[in-house]
>>> print(open('run39.json').read())   # JSON, C-alpha atoms
[["chain", "number", "residue", "atom", "x", "y", "z"],
["A", 1, "MET", "CA", 2.30, 8.40, -31.83],
["A", 2, "LYS", "CA", 1.28, 5.14, -30.24],
["A", 3, "THR", "CA", -2.27, 3.82, -30.27],
["A", 4, "LEU", "CA", -3.18, 1.11, -27.80],
["A", 5, "LEU", "CA", -6.08, -1.31, -28.17],
["A", 6, "ARG", "CA", -6.92, -2.93, -24.85],
["A", 7, "ALA", "CA", -8.22, -6.42, -24.16],
["A", 8, "VAL", "CA", -7.78, -8.78, -21.21],
["A", 9, "GLY", "CA", -6.35, -12.24, -20.68],
["A", 10, "LEU", "CA", -5.09, -14.47, -17.88],
["A", 11, "ILE", "CA", -4.52, -12.03, -15.07],
["A", 12, "ALA", "CA", -2.96, -9.53, -17.38],
["A", 13, "VAL", "CA", -3.95, -6.61, -19.47],
["A", 14, "ILE", "CA", -3.18, -7.27, -23.14],
["A", 15, "ALA", "CA", -1.56, -4.56, -25.19],
["A", 16, "GLY", "CA", -0.74, -4.04, -28.82],
["A", 17, "ILE", "CA", 1.48, -1.49, -30.52],
["A", 18, "SER", "CA", 0.62, 0.36, -33.67],
["A", 19, "PRO", "CA", 2.72, -1.20, -36.43],
["A", 20, "SER", "CA", 3.87, 2.25, -37.51],
["A", 21, "LEU", "CA", 7.59, 2.69, -36.90],
["A", 22, "GLN", "CA", 7.88, 6.43, -37.33],
["A", 23, "ALA", "CA", 11.05, 7.73, -35.73],
["A", 24, "GLN", "CA", 10.85, 9.84, -32.58],
["A", 25, "TRP", "CA", 13.01, 12.78, -31.65],
["A", 26, "LYS", "CA", 16.65, 11.92, -31.16],
["A", 27, "VAL", "CA", 17.86, 14.59, -28.79],
["A", 28, "GLN", "CA", 21.03, 15.22, -26.82],
["A", 29, "THR", "CA", 20.05, 15.54, -23.18],
["A", 30, "PRO", "CA", 21.92, 18.53, -21.73],
["A", 31, "GLY", "CA", 23.93, 18.27, -18.53],
["A", 32, "VAL", "CA", 24.54, 14.51, -18.70],
["A", 33, "PRO", "CA", 27.89, 13.47, -17.17],
["A", 34, "ARG", "CA", 29.62, 11.22, -19.69],
["A", 35, "LEU", "CA", 32.46, 8.76, -19.72],
["A", 36, "ALA", "CA", 35.42, 9.01, -22.08],
["A", 37, "ASN", "CA", 33.59, 6.85, -24.64],
["A", 38, "GLY", "CA", 30.58, 9.20, -24.61],
["A", 39, "GLU", "CA", 28.30, 6.89, -22.63],
["A", 40, "PRO", "CA", 26.38, 8.44, -19.70],
["A", 41, "ASN", "CA", 28.11, 8.12, -16.35],
["A", 42, "LEU", "CA", 25.22, 6.68, -14.38],
["A", 43, "ASN", "CA", 27.24, 6.54, -11.15],
["A", 44, "ALA", "CA", 28.04, 10.26, -11.17],
["A", 45, "PRO", "CA", 26.62, 12.29, -8.26],
["A", 46, "ALA", "CA", 22.97, 13.29, -8.42],
["A", 47, "PRO", "CA", 22.51, 16.80, -9.87],
["A", 48, "LYS", "CA", 21.32, 19.63, -7.65],
["A", 49, "THR", "CA", 18.86, 22.45, -8.23],
["A", 50, "ALA", "CA", 19.77, 26.10, -7.72],
["A", 51, "ASP", "CA", 18.50, 25.91, -4.12],
["A", 52, "GLY", "CA", 20.68, 22.88, -3.37],
["A", 53, "LYS", "CA", 17.99, 20.20, -3.47],
["A", 54, "PRO", "CA", 18.53, 16.95, -5.38],
["A", 55, "ASP", "CA", 17.11, 17.38, -8.88],
["A", 56, "LEU", "CA", 14.67, 14.57, -9.67],
["A", 57, "SER", "CA", 14.08, 15.83, -13.20],
["A", 58, "GLY", "CA", 14.48, 13.43, -16.09],
["A", 59, "ILE", "CA", 12.87, 10.50, -17.88],
["A", 60, "TRP", "CA", 12.76, 7.38, -15.74],
["A", 61, "GLN", "CA", 11.97, 3.74, -16.40],
["A", 62, "ASN", "CA", 11.60, 0.78, -14.05],
["A", 63, "GLY", "CA", 14.39, -1.75, -13.74],
["A", 64, "ARG", "CA", 18.15, -1.64, -14.12],
["A", 65, "GLY", "CA", 18.28, -2.06, -17.88],
["A", 66, "GLY", "CA", 17.46, 0.12, -20.82],
["A", 67, "GLY", "CA", 14.14, 1.01, -22.36],
["A", 68, "GLY", "CA", 12.88, -1.62, -24.80],
["A", 69, "GLY", "CA", 13.70, -1.03, -28.43],
["A", 70, "GLY", "CA", 17.39, -1.66, -28.04],
["A", 71, "GLY", "CA", 18.27, 0.80, -25.38],
["A", 72, "GLY", "CA", 21.57, 0.34, -23.43],
["A", 73, "ALA", "CA", 22.49, 1.06, -19.88],
["A", 74, "ALA", "CA", 20.86, 4.46, -19.86],
["A", 75, "GLY", "CA", 17.68, 3.39, -21.61],
["A", 76, "GLN", "CA", 18.17, 5.07, -24.97],
["A", 77, "ARG", "CA", 15.70, 4.16, -27.70],
["A", 78, "GLY", "CA", 16.52, 2.01, -30.66],
["A", 79, "ALA", "CA", 16.72, 3.41, -34.17],
["A", 80, "ALA", "CA", 12.96, 3.25, -34.68],
["A", 81, "GLY", "CA", 12.33, 5.04, -31.41],
["A", 82, "GLN", "CA", 9.81, 2.44, -30.27],
["A", 83, "ARG", "CA", 9.16, 0.87, -26.89],
["A", 84, "GLY", "CA", 6.87, -1.92, -25.77],
["A", 85, "ALA", "CA", 3.29, -0.72, -25.29],
["A", 86, "ALA", "CA", 2.79, -1.75, -21.70],
["A", 87, "GLY", "CA", 4.97, -4.76, -21.04],
["A", 88, "GLN", "CA", 1.95, -6.75, -19.94],
["A", 89, "ARG", "CA", 1.61, -10.47, -20.45],
["A", 90, "GLY", "CA", -0.86, -12.19, -22.74],
["A", 91, "ALA", "CA", -1.42, -12.54, -26.46],
["A", 92, "PRO", "CA", -1.48, -9.25, -28.40],
["A", 93, "ALA", "CA", -4.52, -8.10, -30.31],
["A", 94, "ALA", "CA", -4.86, -9.35, -33.85],
["A", 95, "GLY", "CA", -2.32, -7.81, -36.20],
["A", 96, "ALA", "CA", -0.44, -6.08, -33.38],
["A", 97, "THR", "CA", 3.26, -6.36, -32.62],
["A", 98, "PRO", "CA", 3.88, -8.26, -29.35],
["A", 99, "ALA", "CA", 5.10, -6.05, -26.55],
["A", 100, "PRO", "CA", 8.55, -6.98, -25.17],
["A", 101, "ALA", "CA", 8.81, -8.09, -21.57],
["A", 102, "ALA", "CA", 9.24, -5.32, -19.03],
["A", 103, "PRO", "CA", 12.66, -4.97, -17.38],
["A", 104, "ALA", "CA", 12.81, -6.88, -14.11],
["A", 105, "PRO", "CA", 12.58, -4.59, -11.07],
["A", 106, "ALA", "CA", 15.88, -4.05, -9.31],
["A", 107, "PRO", "CA", 16.16, -6.05, -6.07],
["A", 108, "ALA", "CA", 15.88, -4.14, -2.83],
["A", 109, "PRO", "CA", 18.77, -4.31, -0.35],
["A", 110, "PRO", "CA", 18.37, -7.08, 2.28],
["A", 111, "ALA", "CA", 17.35, -4.65, 5.03],
["A", 112, "GLY", "CA", 15.05, -2.59, 2.82],
["A", 113, "PRO", "CA", 11.44, -3.01, 1.80],
["A", 114, "PRO", "CA", 10.59, -5.58, -0.88],
["A", 115, "ALA", "CA", 10.28, -4.56, -4.52],
["A", 116, "ALA", "CA", 6.79, -4.14, -5.96],
["A", 117, "SER", "CA", 5.84, -5.36, -9.42],
["A", 118, "PHE", "CA", 3.21, -4.25, -11.89],
["A", 119, "GLY", "CA", 1.42, -7.59, -11.57],
["A", 120, "ASN", "CA", 1.66, -7.92, -7.79],
["A", 121, "ALA", "CA", 2.60, -5.05, -5.49],
["A", 122, "GLY", "CA", 3.04, -7.51, -2.63],
["A", 123, "GLN", "CA", 5.22, -10.03, -4.44],
["A", 124, "GLY", "CA", 7.98, -9.71, -1.84],
["A", 125, "PHE", "CA", 5.79, -10.35, 1.21],
["A", 126, "PRO", "CA", 5.64, -13.93, 2.52],
["A", 127, "GLY", "CA", 1.97, -14.81, 2.35],
["A", 128, "GLY", "CA", 1.13, -11.65, 0.39],
["A", 129, "LEU", "CA", -0.17, -8.27, 1.49],
["A", 130, "PRO", "CA", -2.02, -7.97, 4.84],
["A", 131, "TYR", "CA", -5.53, -7.78, 3.37],
["A", 132, "GLN", "CA", -8.64, -7.29, 5.43],
["A", 133, "PRO", "CA", -10.97, -10.29, 4.85],
["A", 134, "TRP", "CA", -13.22, -8.42, 2.42],
["A", 135, "ALA", "CA", -10.17, -7.16, 0.48],
["A", 136, "ALA", "CA", -8.77, -10.68, 0.19],
["A", 137, "GLU", "CA", -12.12, -11.84, -1.20],
["A", 138, "LEU", "CA", -12.15, -8.95, -3.67],
["A", 139, "VAL", "CA", -8.65, -9.75, -4.93],
["A", 140, "ALA", "CA", -9.59, -13.42, -5.35],
["A", 141, "LYS", "CA", -12.65, -12.40, -7.37],
["A", 142, "ARG", "CA", -10.68, -10.00, -9.53],
["A", 143, "LYS", "CA", -8.05, -12.66, -10.23],
["A", 144, "ALA", "CA", -10.72, -15.27, -11.02],
["A", 145, "ASP", "CA", -12.21, -12.77, -13.46],
["A", 146, "ASN", "CA", -8.86, -12.50, -15.25],
["A", 147, "SER", "CA", -8.55, -8.87, -14.09],
["A", 148, "LYS", "CA", -11.00, -7.85, -16.81],
["A", 149, "ASP", "CA", -12.18, -4.78, -14.87],
["A", 150, "ASN", "CA", -8.72, -3.31, -14.31],
["A", 151, "PRO", "CA", -9.03, 0.38, -15.27],
["A", 152, "ASP", "CA", -5.92, 0.08, -17.42],
["A", 153, "ALA", "CA", -7.83, -2.40, -19.61],
["A", 154, "HIS", "CA", -10.58, 0.16, -20.19],
["A", 155, "CYS", "CA", -8.40, 3.19, -20.90],
["A", 156, "LEU", "CA", -9.25, 4.71, -17.52],
["A", 157, "PRO", "CA", -6.76, 6.27, -15.10],
["A", 158, "MET", "CA", -4.69, 3.56, -13.49],
["A", 159, "GLY", "CA", -4.41, 2.90, -9.78],
["A", 160, "PHE", "CA", -1.87, 4.88, -7.81],
["A", 161, "MET", "CA", 0.71, 2.08, -7.47],
["A", 162, "GLN", "CA", 0.34, 0.91, -11.08],
["A", 163, "PHE", "CA", 1.82, 4.19, -12.29],
["A", 164, "HIS", "CA", 4.92, 3.58, -10.15],
["A", 165, "THR", "CA", 5.41, 0.04, -11.40],
["A", 166, "HIS", "CA", 4.27, 0.42, -15.02],
["A", 167, "PRO", "CA", 7.01, -0.42, -17.55],
["A", 168, "GLU", "CA", 6.22, 2.70, -19.58],
["A", 169, "PRO", "CA", 8.52, 5.59, -18.56],
["A", 170, "ARG", "CA", 7.63, 8.79, -16.77],
["A", 171, "LYS", "CA", 9.08, 12.29, -17.03],
["A", 172, "ILE", "CA", 9.65, 14.41, -13.92],
["A", 173, "TYR", "CA", 9.72, 18.20, -13.97],
["A", 174, "GLN", "CA", 10.91, 19.80, -10.74],
["A", 175, "THR", "CA", 10.32, 23.41, -9.73],
["A", 176, "PRO", "CA", 10.54, 25.06, -6.28],
["A", 177, "GLU", "CA", 6.73, 25.10, -6.05],
["A", 178, "ALA", "CA", 5.79, 21.70, -7.46],
["A", 179, "VAL", "CA", 7.01, 18.43, -8.91],
["A", 180, "LEU", "CA", 5.09, 17.31, -11.99],
["A", 181, "ILE", "CA", 5.17, 13.69, -13.16],
["A", 182, "VAL", "CA", 4.03, 12.96, -16.72],
["A", 183, "TYR", "CA", 3.40, 9.25, -17.18],
["A", 184, "GLU", "CA", 3.62, 7.97, -20.73],
["A", 185, "ALA", "CA", 1.11, 5.23, -19.85],
["A", 186, "ASN", "CA", -2.41, 6.55, -20.44],
["A", 187, "SER", "CA", -0.98, 10.09, -20.49],
["A", 188, "GLY", "CA", -1.24, 10.31, -16.71],
["A", 189, "LEU", "CA", -0.31, 13.50, -14.85],
["A", 190, "ARG", "CA", 0.41, 14.08, -11.17],
["A", 191, "GLN", "CA", 1.05, 17.32, -9.30],
["A", 192, "ILE", "CA", 3.04, 17.20, -6.09],
["A", 193, "PHE", "CA", 2.92, 20.61, -4.42],
["A", 194, "THR", "CA", 6.08, 21.64, -2.55],
["A", 195, "ASP", "CA", 5.06, 25.25, -1.82],
["A", 196, "GLY", "CA", 4.22, 24.62, 1.84],
["A", 197, "ARG", "CA", 0.49, 24.04, 1.48],
["A", 198, "SER", "CA", -1.30, 21.43, 3.58],
["A", 199, "LEU", "CA", -3.42, 18.56, 2.34],
["A", 200, "PRO", "CA", -6.99, 19.78, 1.70],
["A", 201, "LYS", "CA", -9.82, 18.75, 4.00],
["A", 202, "ASP", "CA", -13.12, 17.48, 2.60],
["A", 203, "ALA", "CA", -11.93, 18.06, -0.95],
["A", 204, "GLN", "CA", -13.54, 16.48, -3.99],
["A", 205, "PRO", "CA", -11.93, 13.04, -4.39],
["A", 206, "TRP", "CA", -9.54, 12.52, -7.31],
["A", 207, "TRP", "CA", -8.23, 9.46, -9.11],
["A", 208, "TYR", "CA", -4.69, 10.19, -7.94],
["A", 209, "GLY", "CA", -5.62, 12.07, -4.78],
["A", 210, "TYR", "CA", -3.97, 15.29, -3.55],
["A", 211, "SER", "CA", -0.21, 15.28, -3.00],
["A", 212, "VAL", "CA", 2.03, 17.59, -0.97],
["A", 213, "GLY", "CA", 5.75, 17.16, -0.52],
["A", 214, "LYS", "CA", 8.56, 18.43, 1.67],
["A", 215, "TRP", "CA", 12.29, 17.83, 1.71],
["A", 216, "GLU", "CA", 13.87, 15.92, 4.57],
["A", 217, "GLY", "CA", 17.56, 16.18, 3.80],
["A", 218, "ASP", "CA", 18.04, 14.72, 0.32],
["A", 219, "THR", "CA", 14.71, 12.85, 0.38],
["A", 220, "LEU", "CA", 11.43, 14.24, -0.97],
["A", 221, "VAL", "CA", 8.64, 12.98, 1.31],
["A", 222, "VAL", "CA", 5.21, 13.08, -0.33],
["A", 223, "GLU", "CA", 1.86, 12.50, 1.38],
["A", 224, "THR", "CA", -1.28, 11.80, -0.65],
["A", 225, "THR", "CA", -4.93, 11.54, 0.42],
["A", 226, "GLY", "CA", -8.32, 12.27, -1.11],
["A", 227, "PHE", "CA", -8.70, 9.24, -3.39],
["A", 228, "LEU", "CA", -11.96, 8.49, -5.18],
["A", 229, "ASP", "CA", -14.53, 6.82, -2.94],
["A", 230, "THR", "CA", -16.20, 4.66, -5.57],
["A", 231, "ASP", "CA", -15.03, 1.15, -6.50],
["A", 232, "PRO", "CA", -11.66, 0.49, -4.75],
["A", 233, "GLN", "CA", -8.70, 1.36, -6.95],
["A", 234, "TRP", "CA", -6.40, -1.31, -8.34],
["A", 235, "LEU", "CA", -2.84, -1.10, -7.03],
["A", 236, "ASP", "CA", -1.64, -3.88, -9.32],
["A", 237, "VAL", "CA", -2.87, -6.12, -12.13],
["A", 238, "GLN", "CA", -4.19, -8.74, -9.72],
["A", 239, "GLY", "CA", -6.43, -6.16, -8.05],
["A", 240, "SER", "CA", -5.02, -5.22, -4.62],
["A", 241, "PRO", "CA", -7.40, -2.44, -3.52],
["A", 242, "LEU", "CA", -6.93, 1.14, -2.37],
["A", 243, "THR", "CA", -9.91, 2.86, -0.72],
["A", 244, "GLU", "CA", -10.92, 6.44, 0.01],
["A", 245, "ASN", "CA", -9.53, 6.04, 3.55],
["A", 246, "ALA", "CA", -5.98, 5.57, 2.31],
["A", 247, "LYS", "CA", -2.97, 7.72, 3.00],
["A", 248, "VAL", "CA", 0.04, 7.03, 0.80],
["A", 249, "THR", "CA", 3.54, 8.22, 1.73],
["A", 250, "GLU", "CA", 6.29, 8.23, -0.89],
["A", 251, "LYS", "CA", 9.98, 8.88, -0.33],
["A", 252, "PHE", "CA", 11.86, 9.89, -3.48],
["A", 253, "ARG", "CA", 15.66, 9.66, -3.33],
["A", 254, "ARG", "CA", 18.01, 10.15, -6.26],
["A", 255, "VAL", "CA", 20.91, 7.92, -5.29],
["A", 256, "ASN", "CA", 23.16, 9.04, -8.13],
["A", 257, "PHE", "CA", 22.77, 10.42, -11.63],
["A", 258, "GLY", "CA", 21.26, 7.21, -13.01],
["A", 259, "THR", "CA", 19.18, 5.82, -10.14],
["A", 260, "LEU", "CA", 15.95, 6.96, -8.49],
["A", 261, "GLU", "CA", 14.60, 5.02, -5.50],
["A", 262, "ILE", "CA", 11.02, 5.40, -4.32],
["A", 263, "GLU", "CA", 9.67, 3.88, -1.10],
["A", 264, "ILE", "CA", 5.87, 3.73, -1.02],
["A", 265, "THR", "CA", 3.93, 3.16, 2.20],
["A", 266, "VAL", "CA", 0.21, 2.40, 1.96],
["A", 267, "ASP", "CA", -1.78, 3.09, 5.14],
["A", 268, "ASP", "CA", -5.36, 2.03, 4.39],
["A", 269, "PRO", "CA", -7.00, 0.50, 7.49],
["A", 270, "LYS", "CA", -10.21, -0.16, 5.58],
["A", 271, "ALA", "CA", -8.44, -2.55, 3.17],
["A", 272, "TYR", "CA", -5.36, -3.73, 5.15],
["A", 273, "THR", "CA", -4.71, -4.90, 8.68],
["A", 274, "LYS", "CA", -1.56, -2.78, 8.93],
["A", 275, "PRO", "CA", 0.46, -0.32, 6.81],
["A", 276, "TRP", "CA", 2.92, -1.83, 4.35],
["A", 277, "THR", "CA", 5.91, -0.51, 2.43],
["A", 278, "VAL", "CA", 7.41, -1.45, -0.93],
["A", 279, "LYS", "CA", 10.17, -0.06, -3.08],
["A", 280, "VAL", "CA", 10.51, 0.80, -6.76],
["A", 281, "THR", "CA", 13.89, 1.45, -8.39],
["A", 282, "GLN", "CA", 14.01, 3.43, -11.61],
["A", 283, "ARG", "CA", 16.81, 4.17, -14.07],
["A", 284, "ILE", "CA", 17.42, 7.32, -16.10],
["A", 285, "MET", "CA", 16.74, 7.44, -19.84],
["A", 286, "VAL", "CA", 18.79, 9.98, -21.79],
["A", 287, "ASP", "CA", 18.90, 11.30, -25.36],
["A", 288, "THR", "CA", 15.20, 10.54, -25.89],
["A", 289, "ASP", "CA", 11.74, 11.76, -24.96],
["A", 290, "LEU", "CA", 8.28, 10.41, -24.19],
["A", 291, "ILE", "CA", 6.11, 8.91, -26.90],
["A", 292, "GLU", "CA", 2.49, 10.00, -27.32],
["A", 293, "PHE", "CA", 0.29, 7.29, -25.83],
["A", 294, "ILE", "CA", -3.36, 7.13, -26.90],
["A", 295, "CYS", "CA", -5.52, 4.37, -25.45],
["A", 296, "GLU", "CA", -8.66, 3.42, -27.37],
["A", 297, "ASP", "CA", -11.25, 1.19, -25.75],
["A", 298, "ARG", "CA", -13.08, 0.46, -29.00],
["A", 299, "ASP", "CA", -14.85, -2.76, -28.11],
["A", 300, "ALA", "CA", -15.30, -4.30, -24.68],
["A", 301, "THR", "CA", -17.60, -7.11, -25.81],
["A", 302, "HIS", "CA", -14.69, -9.51, -26.23],
["A", 303, "TYR", "CA", -13.34, -9.10, -22.69],
["A", 304, "ILE", "CA", -13.07, -12.48, -21.02],
["A", 305, "GLY", "CA", -13.97, -13.08, -17.39],
["A", 306, "ALA", "CA", -14.37, -16.22, -15.32],
["A", 307, "PRO", "CA", -16.55, -19.01, -16.79],
["A", 308, "LYS", "CA", -20.12, -18.84, -15.60]]
>>> encode(input="run39.json", output="structure tokens")
Amino acid sequence: MKTLLRAVGLIAVIAGISPSLQAQWKVQTPGVPRLANGEPNLNAPAPKTADGKPDLSGIWQNGRGGGGGGGGAAGQRGAAGQRGAAGQRGAPAAGATPAPAAPAPAPAPPAGPPAASFGNAGQGFPGGLPYQPWAAELVAKRKADNSKDNPDAHCLPMGFMQFHTHPEPRKIYQTPEAVLIVYEANSGLRQIFTDGRSLPKDAQPWWYGYSVGKWEGDTLVVETTGFLDTDPQWLDVQGSPLTENAKVTEKFRRVNFGTLEIEITVDDPKAYTKPWTVKVTQRIMVDTDLIEFICEDRDATHYIGAPK
């Protein structure tokens, strides 16, 4: 079990890990292609489901390297079974163990979209994301306030893009009717329906919206609408917004056994002058499982914003 106490500091959400080092399950992941020395063969072909589709199932973590805690190429846990709480920058809460830095995102190919980061989804765009004027002002205000209102700092559901770029891993379950993604961070859960249904019209807005997917060759194309229409969501730590008018398109492609590429296109004319696309590359984690993640927002009185 991991308990997270949230505070805020210098454009980053601050995280602390429970000092308990209880061991997690050490399991042997079935069906993993292995080299002669027993290490996972990450370059082996992507597995297929019974109906011939690429199987996206598995535990995935951002970056090329392993999962913190001493992991190796395939992201195995260290002996204590611990990972960094959220990989965010800033000083940890009193008495907490500092979280290790998150693995650097893998670079996109020259002709592909730029890589997004947890701190800044538009880090690869010269001049930044194509904000509408009001959105640019909002981001500037959120940054000046040290991102103290980021939902992740208050144990609320994170913005749509933050789940993709968060250094905590996620576990994908794939069935013919739906793809379920369990995010270790804040115990998030997404349902992507692949049973042929259409996106709902005039549905009650959700934090993560409504998602439907279809296969185009070996790529799962997912469309999501129906986001909450209250305060604009945070797509990254610095506060890039997502409004209720947004349509997000994701393209999931399992390149080989060890690599999952996701292209994310945000089409939100209320917040941006044009659609934009970024890429996230994730690596498989084997012989391990998710850790329970409990976020406790015990005291918000110490959150620090901009000087008055």
>>> atom_distance(input="run39.json", atom1="atom CA of Gly226 of chain A", atom2="atom CA of Gln204 of chain A")
7.3 Å
>>> residues_near_point(input="run39.json", point="(21.3, 16.7, -8.9)", cutoff="8 Å", atoms="only C-alpha atoms", output="compact mmCIF listing (two decimals) with C-alpha atoms, in the coordinates of the input")
# COMPACT_ATOMS: atom_id res chain seq x y z
CA PRO A 45 26.62 12.29 -8.26
CA ALA A 46 22.97 13.29 -8.42
CA PRO A 47 22.51 16.80 -9.87
CA LYS A 48 21.32 19.63 -7.65
CA THR A 49 18.86 22.45 -8.23
CA LYS A 53 17.99 20.20 -3.47
CA PRO A 54 18.53 16.95 -5.38
CA ASP A 55 17.11 17.38 -8.88
CA LEU A 56 14.67 14.57 -9.67
CA ARG A 254 18.01 10.15 -6.26
CA ASN A 256 23.16 9.04 -8.13
CA PHE A 257 22.77 10.42 -11.63
>>> atom_distance(input="run39.json", atom1="atom CA of Ala115 of chain A", atom2="atom CA of Thr249 of chain A")
15.7 Å
>>> atom_distance(input="run39.json", atom1="atom CA of Glu244 of chain A", atom2="atom CA of Val139 of chain A")
17.1 Å
